[in-house]
Amino acid sequence: MCERVFVSIPSAEPRASILHADLDSFYASVAQRDDPALRGRPVAVGGGGVILAASYEAKRAGISTPMPGHRARALCPGLVIVRPDFPTYTAASRAVFAIFRETTPLVQGVSVDEAFLDVGGLGRIDGSPVDIAARLRRRVAHEVGLPITVGVARTPFLAKTASQAAKPDGLLEVPPDGERAFLHPLPLRRLWGVGEATAGRLGSFGLETVGDLAALPEDVLVGLLGRAGGRHLYAVVHGRTSTTLSLGHRRSSIGAQRALGRGPHRPEHVHAALLGLVDRVTRRLREAEQLAGTVVLRLRFDDYTAVTRSHSLAHPTASTARLADTAVSLLRQARPLVRARGITLVGVALGGLVADRVEQPELSFAEVAAGGGAGRAGGGAARVRDTRELDAAVDALGHRYGGHALTRASLLRDRDALAGPSLDEAVEG
Ligand SMILES: [Mg+2]
């Protein structure tokens with residue numbers, strides 16, 4: 001492979017040349033693409049009794065994700081629920097990312113269905129960023145058959161906020177001299193990284209829109225949200241977020257697997273082996289200063305057949321507890337297969353990797369909302385902070401005493417799970 005070097009030349013003139021491209025209701029749109037009878041109808045993709053994705057027709061009926069299937073049916077009696085088809089999603093994701101990379105070499109994947117593209121410097125040949133965005137949308141529609149929304153702005157943060165405002169099937173440019181007019185009327189909830197807890201806390205002080213916050217001095221925001229959260233939000237509401245993408249060569253997934261030998265294996269044994277693997281890959285994830293957006297479970301059976309099951313998270317994370325929850329629920333969904341075919345190997349891979357700093361603001365918001373001292377701490381946010389501290393403590397022990405210094409109580413109870421060969425793998429992408 002030939003090495004290409006891209007030099008970015010800072011220009012005196014600020015330009016809106018960052019694109020945020022995001023497929024609309026990805027899984028549900030694939031279902032509607034592949035079955036014309038579903039087009040224009042409320043469609044949800046569900047597995048294990050949970051709604052994973054909903055078409056815009058379903059979202060208009062109040063369906064959100066994740067939501068229990070029975071609740072979704074009650075809200076929307078005409079709802080069509082289809083089974084997920086992960087191989088088809090993977091193929092569609094690859095095709096869309098190929099178009100991204102043909103558009104510009106500077107692509108930062110955020111998850112399976114969204115990415116930032118830096119199209120600065122392409123102007124002379126390819127037209128303006130808005131022209132490039134419009135062409136990208138047409139190509140994805142014609143070649144992959146899926147609707148995609150694109151936001152165009154000077155910073156990744158603004159481009160993401162623009163695409164969220166333009167959904168579905170939209171294109172929105174926020175020119176540098178239009179940033180205030182775009183941002184200030186937005187409700188705080190619409191800002192990327194501002195969760196319900198933070199928006200609720202600010203709302204209790206009568207602060208509802210970005211403009212309300214922009215009118216305040218920085219030290220007032222720091223007083224309300226703590227140092228990290230206040231400073232970050234101050235920068236956000238004044239449009240002062242980073243103008244560059246996080247690029248560079250990174251692994252596309254981090255995985256580990258363990259052979260269990262011929263069974264039968266008790267479910268607790270498989271469960272414990274899986275948790276041991278999750279501990280290992282999440283430690284490596286945090287060492288690489290990355291967050292994972294997708295958890296992939298791999299199982300191999302007595303008859304040498306294999307299956308993979310995957311789940312994409314709403315927000316990338318490095319939390320062992322969250323990633324373990326996801327892996328365990330994938331295993332639970334696969335239980336009928338495990339029972340029928342006899343499991344011989346379990347593996348877990350973390351994909352959709354992004355640099356940790358991309359999501360850092362959200363975590364600091366959660367933390368400040370939890371520790372704000374106003375007695376309105378959200379339990380969920382407090383847990384986020386606790387698991388980060390726990391994860392950091394476990395990692396520190398691992399560094400000091402080696403990877404096996406600390407192990408889960410469930411693994412000690414089931415020492416079988418530690419026996420048998422294991423294999424770490426790293427897929428380079
Ligand atoms: Mg999307």
# chains A, B, ... in the order shown; residues from 1 in each chain; ligands from 1

call {"tool": "residues_near_ligand", "arguments": {"ligand": "ligand 1", "cutoff": "10 Å", "atoms": "only C-alpha atoms and all ligand atoms", "output": "list of chain:residue names"}}
result
A:Ala21, A:Asp22, A:Leu23, A:Asp24, A:Ser25, A:Phe26, A:Tyr27, A:Ala53, A:Val110, A:Ser111, A:Val112, A:Asp113, A:Glu114, A:Ala115, A:Pro147, A:Ile148, A:Thr149, A:Ser163, A:Gln164, A:Lys167, A:Pro168, A:Ala314

call {"tool": "write_last_selection", "arguments": {"atoms": "N, CA, C and O atoms", "output": "PDB file, in the first residue's frame"}}
result
ATOM      1  N   ALA A  21     -21.922  13.083   8.175  1.00  0.00           N
ATOM      2  CA  ALA A  21     -22.861  12.309   7.361  1.00  0.00           C
ATOM      3  C   ALA A  21     -23.401  11.171   8.204  1.00  0.00           C
ATOM      4  O   ALA A  21     -22.633  10.432   8.826  1.00  0.00           O
ATOM      5  N   ASP A  22     -24.718  11.040   8.263  1.00  0.00           N
ATOM      6  CA  ASP A  22     -25.349  10.102   9.199  1.00  0.00           C
ATOM      7  C   ASP A  22     -26.565   9.466   8.519  1.00  0.00           C
ATOM      8  O   ASP A  22     -27.512  10.166   8.146  1.00  0.00           O
ATOM      9  N   LEU A  23     -26.522   8.145   8.335  1.00  0.00           N
ATOM     10  CA  LEU A  23     -27.666   7.452   7.737  1.00  0.00           C
ATOM     11  C   LEU A  23     -28.886   7.620   8.632  1.00  0.00           C
ATOM     12  O   LEU A  23     -28.773   7.603   9.862  1.00  0.00           O
ATOM     13  N   ASP A  24     -30.049   7.768   8.014  1.00  0.00           N
ATOM     14  CA  ASP A  24     -31.285   7.984   8.780  1.00  0.00           C
ATOM     15  C   ASP A  24     -31.889   6.637   9.173  1.00  0.00           C
ATOM     16  O   ASP A  24     -32.125   5.792   8.304  1.00  0.00           O
ATOM     17  N   SER A  25     -32.160   6.453  10.465  1.00  0.00           N
ATOM     18  CA  SER A  25     -32.801   5.214  10.951  1.00  0.00           C
ATOM     19  C   SER A  25     -32.232   3.993  10.237  1.00  0.00           C
ATOM     20  O   SER A  25     -32.951   3.219   9.616  1.00  0.00           O
ATOM     21  N   PHE A  26     -30.918   3.830  10.344  1.00  0.00           N
ATOM     22  CA  PHE A  26     -30.175   2.902   9.499  1.00  0.00           C
ATOM     23  C   PHE A  26     -30.851   1.534   9.332  1.00  0.00           C
ATOM     24  O   PHE A  26     -31.215   1.143   8.220  1.00  0.00           O
ATOM     25  N   TYR A  27     -31.041   0.790  10.426  1.00  0.00           N
ATOM     26  CA  TYR A  27     -31.557  -0.585  10.290  1.00  0.00           C
ATOM     27  C   TYR A  27     -32.957  -0.579   9.665  1.00  0.00           C
ATOM     28  O   TYR A  27     -33.276  -1.420   8.819  1.00  0.00           O
ATOM     29  N   ALA A  53     -34.320  -0.187  16.311  1.00  0.00           N
ATOM     30  CA  ALA A  53     -34.351   0.928  15.365  1.00  0.00           C
ATOM     31  C   ALA A  53     -35.786   1.133  14.932  1.00  0.00           C
ATOM     32  O   ALA A  53     -36.586   0.192  14.954  1.00  0.00           O
ATOM     33  N   VAL A 110     -17.557   7.477  13.162  1.00  0.00           N
ATOM     34  CA  VAL A 110     -18.112   7.658  14.506  1.00  0.00           C
ATOM     35  C   VAL A 110     -18.817   6.380  14.934  1.00  0.00           C
ATOM     36  O   VAL A 110     -18.720   5.948  16.074  1.00  0.00           O
ATOM     37  N   SER A 111     -19.552   5.763  14.015  1.00  0.00           N
ATOM     38  CA  SER A 111     -20.169   4.465  14.284  1.00  0.00           C
ATOM     39  C   SER A 111     -20.428   3.804  12.940  1.00  0.00           C
ATOM     40  O   SER A 111     -19.969   4.293  11.911  1.00  0.00           O
ATOM     41  N   VAL A 112     -21.168   2.700  12.928  1.00  0.00           N
ATOM     42  CA  VAL A 112     -21.370   1.971  11.669  1.00  0.00           C
ATOM     43  C   VAL A 112     -22.085   2.820  10.633  1.00  0.00           C
ATOM     44  O   VAL A 112     -21.968   2.573   9.445  1.00  0.00           O
ATOM     45  N   ASP A 113     -22.827   3.834  11.056  1.00  0.00           N
ATOM     46  CA  ASP A 113     -23.628   4.563  10.081  1.00  0.00           C
ATOM     47  C   ASP A 113     -23.382   6.060  10.093  1.00  0.00           C
ATOM     48  O   ASP A 113     -24.170   6.812   9.555  1.00  0.00           O
ATOM     49  N   GLU A 114     -22.282   6.502  10.683  1.00  0.00           N
ATOM     50  CA  GLU A 114     -22.015   7.935  10.635  1.00  0.00           C
ATOM     51  C   GLU A 114     -20.522   8.222  10.670  1.00  0.00           C
ATOM     52  O   GLU A 114     -19.743   7.451  11.232  1.00  0.00           O
ATOM     53  N   ALA A 115     -20.132   9.332  10.062  1.00  0.00           N
ATOM     54  CA  ALA A 115     -18.719   9.701  10.007  1.00  0.00           C
ATOM     55  C   ALA A 115     -18.593  11.199   9.784  1.00  0.00           C
ATOM     56  O   ALA A 115     -19.513  11.855   9.294  1.00  0.00           O
ATOM     57  N   PRO A 147     -31.305   6.666   2.690  1.00  0.00           N
ATOM     58  CA  PRO A 147     -31.289   8.104   2.939  1.00  0.00           C
ATOM     59  C   PRO A 147     -30.192   8.465   3.955  1.00  0.00           C
ATOM     60  O   PRO A 147     -29.982   7.743   4.928  1.00  0.00           O
ATOM     61  N   ILE A 148     -29.512   9.566   3.684  1.00  0.00           N
ATOM     62  CA  ILE A 148     -28.449  10.004   4.592  1.00  0.00           C
ATOM     63  C   ILE A 148     -28.538  11.510   4.746  1.00  0.00           C
ATOM     64  O   ILE A 148     -28.826  12.224   3.785  1.00  0.00           O
ATOM     65  N   THR A 149     -28.358  11.965   5.976  1.00  0.00           N
ATOM     66  CA  THR A 149     -28.403  13.406   6.241  1.00  0.00           C
ATOM     67  C   THR A 149     -26.980  13.909   6.448  1.00  0.00           C
ATOM     68  O   THR A 149     -26.163  13.226   7.067  1.00  0.00           O
ATOM     69  N   SER A 163     -26.464  18.211  11.329  1.00  0.00           N
ATOM     70  CA  SER A 163     -27.098  17.031  10.718  1.00  0.00           C
ATOM     71  C   SER A 163     -28.277  16.568  11.583  1.00  0.00           C
ATOM     72  O   SER A 163     -29.307  16.162  11.049  1.00  0.00           O
ATOM     73  N   GLN A 164     -28.145  16.666  12.899  1.00  0.00           N
ATOM     74  CA  GLN A 164     -29.255  16.245  13.757  1.00  0.00           C
ATOM     75  C   GLN A 164     -30.475  17.145  13.544  1.00  0.00           C
ATOM     76  O   GLN A 164     -31.613  16.690  13.583  1.00  0.00           O
ATOM     77  N   LYS A 167     -32.360  16.207  10.016  1.00  0.00           N
ATOM     78  CA  LYS A 167     -32.919  14.864   9.788  1.00  0.00           C
ATOM     79  C   LYS A 167     -34.429  14.903   9.660  1.00  0.00           C
ATOM     80  O   LYS A 167     -35.052  15.722  10.319  1.00  0.00           O
ATOM     81  N   PRO A 168     -35.031  13.971   8.875  1.00  0.00           N
ATOM     82  CA  PRO A 168     -34.363  12.969   8.038  1.00  0.00           C
ATOM     83  C   PRO A 168     -34.139  13.473   6.617  1.00  0.00           C
ATOM     84  O   PRO A 168     -34.804  14.404   6.182  1.00  0.00           O
ATOM     85  N   ALA A 314     -25.816   3.220  21.700  1.00  0.00           N
ATOM     86  CA  ALA A 314     -26.234   4.587  21.369  1.00  0.00           C
ATOM     87  C   ALA A 314     -25.045   5.549  21.483  1.00  0.00           C
ATOM     88  O   ALA A 314     -24.918   6.475  20.702  1.00  0.00           O
TER      89      ALA A 314
END

call {"tool": "residues_around", "arguments": {"residues": "A:Gly351", "least_positions_apart": "3", "cutoff": "12 Å", "atoms": "only C-alpha atoms", "output": "PyMOL selection string"}}
result
chain A and resi 90+109-112+250-255+281-282+285+290-297+310-313+316-318+323+348+354+426-429

call {"tool": "write_last_selection", "arguments": {"atoms": "C-alpha atoms", "output": "PDB file, in the first residue's frame"}}
result
ATOM      1  CA  THR A  90     -22.498  -4.629   7.612  1.00  0.00           C
ATOM      2  CA  GLY A 109     -15.823   7.024  11.550  1.00  0.00           C
ATOM      3  CA  VAL A 110     -18.112   7.658  14.506  1.00  0.00           C
ATOM      4  CA  SER A 111     -20.169   4.465  14.284  1.00  0.00           C
ATOM      5  CA  VAL A 112     -21.370   1.971  11.669  1.00  0.00           C
ATOM      6  CA  ARG A 250      -6.038   2.804  14.568  1.00  0.00           C
ATOM      7  CA  ARG A 251      -7.188  -0.712  14.949  1.00  0.00           C
ATOM      8  CA  SER A 252     -10.668  -1.321  13.655  1.00  0.00           C
ATOM      9  CA  SER A 253     -11.478  -3.777  16.419  1.00  0.00           C
ATOM     10  CA  ILE A 254     -10.099  -5.294  19.607  1.00  0.00           C
ATOM     11  CA  GLY A 255     -11.010  -8.877  20.347  1.00  0.00           C
ATOM     12  CA  VAL A 281     -10.621  -6.375  25.824  1.00  0.00           C
ATOM     13  CA  THR A 282     -11.957  -3.361  27.740  1.00  0.00           C
ATOM     14  CA  LEU A 285      -9.524  -0.508  24.810  1.00  0.00           C
ATOM     15  CA  GLN A 290     -10.498   4.536  22.653  1.00  0.00           C
ATOM     16  CA  LEU A 291     -14.223   4.005  23.082  1.00  0.00           C
ATOM     17  CA  ALA A 292     -16.166   1.164  21.494  1.00  0.00           C
ATOM     18  CA  GLY A 293     -19.481   1.644  19.701  1.00  0.00           C
ATOM     19  CA  THR A 294     -20.189  -1.973  18.837  1.00  0.00           C
ATOM     20  CA  VAL A 295     -19.968  -5.256  20.724  1.00  0.00           C
ATOM     21  CA  VAL A 296     -19.636  -8.425  18.662  1.00  0.00           C
ATOM     22  CA  LEU A 297     -20.186 -11.837  20.228  1.00  0.00           C
ATOM     23  CA  SER A 310     -23.564  -7.731  17.412  1.00  0.00           C
ATOM     24  CA  HIS A 311     -25.095  -4.692  18.994  1.00  0.00           C
ATOM     25  CA  SER A 312     -24.303  -1.041  18.405  1.00  0.00           C
ATOM     26  CA  LEU A 313     -24.511   1.226  21.414  1.00  0.00           C
ATOM     27  CA  PRO A 316     -19.474   4.729  22.406  1.00  0.00           C
ATOM     28  CA  THR A 317     -18.047   3.830  25.804  1.00  0.00           C
ATOM     29  CA  ALA A 318     -15.010   2.326  27.512  1.00  0.00           C
ATOM     30  CA  LEU A 323     -19.871  -3.379  27.493  1.00  0.00           C
ATOM     31  CA  VAL A 348     -15.928 -10.973  21.974  1.00  0.00           C
ATOM     32  CA  VAL A 354     -13.348   6.168  18.286  1.00  0.00           C
ATOM     33  CA  ALA A 426      -6.294  -7.742  16.921  1.00  0.00           C
ATOM     34  CA  VAL A 427      -7.730  -7.040  13.527  1.00  0.00           C
ATOM     35  CA  GLU A 428      -5.777  -4.301  11.828  1.00  0.00           C
ATOM     36  CA  GLY A 429      -7.802  -2.037   9.631  1.00  0.00           C
TER      37      GLY A 429
END

call {"tool": "closest_residue", "arguments": {"among": "A:Ala235, A:Ala162, A:Ala31, A:Leu19", "to": "A:Asp131", "atoms": "only C-alpha atoms"}}
result
A:Leu19

call {"tool": "closest_residue", "arguments": {"among": "A:Arg101, A:Leu331, A:Arg135, A:Leu188", "to": "A:Gly203", "atoms": "only C-alpha atoms"}}
result
A:Leu188

call {"tool": "select_by_dssp", "arguments": {"residues": "stretch 167-376 of chain A", "states": "strand (DSSP E)", "output": "MDAnalysis selection string"}}
result
chainID A and resid 171:173 253:259 290:301 306:317 343:351 354:355
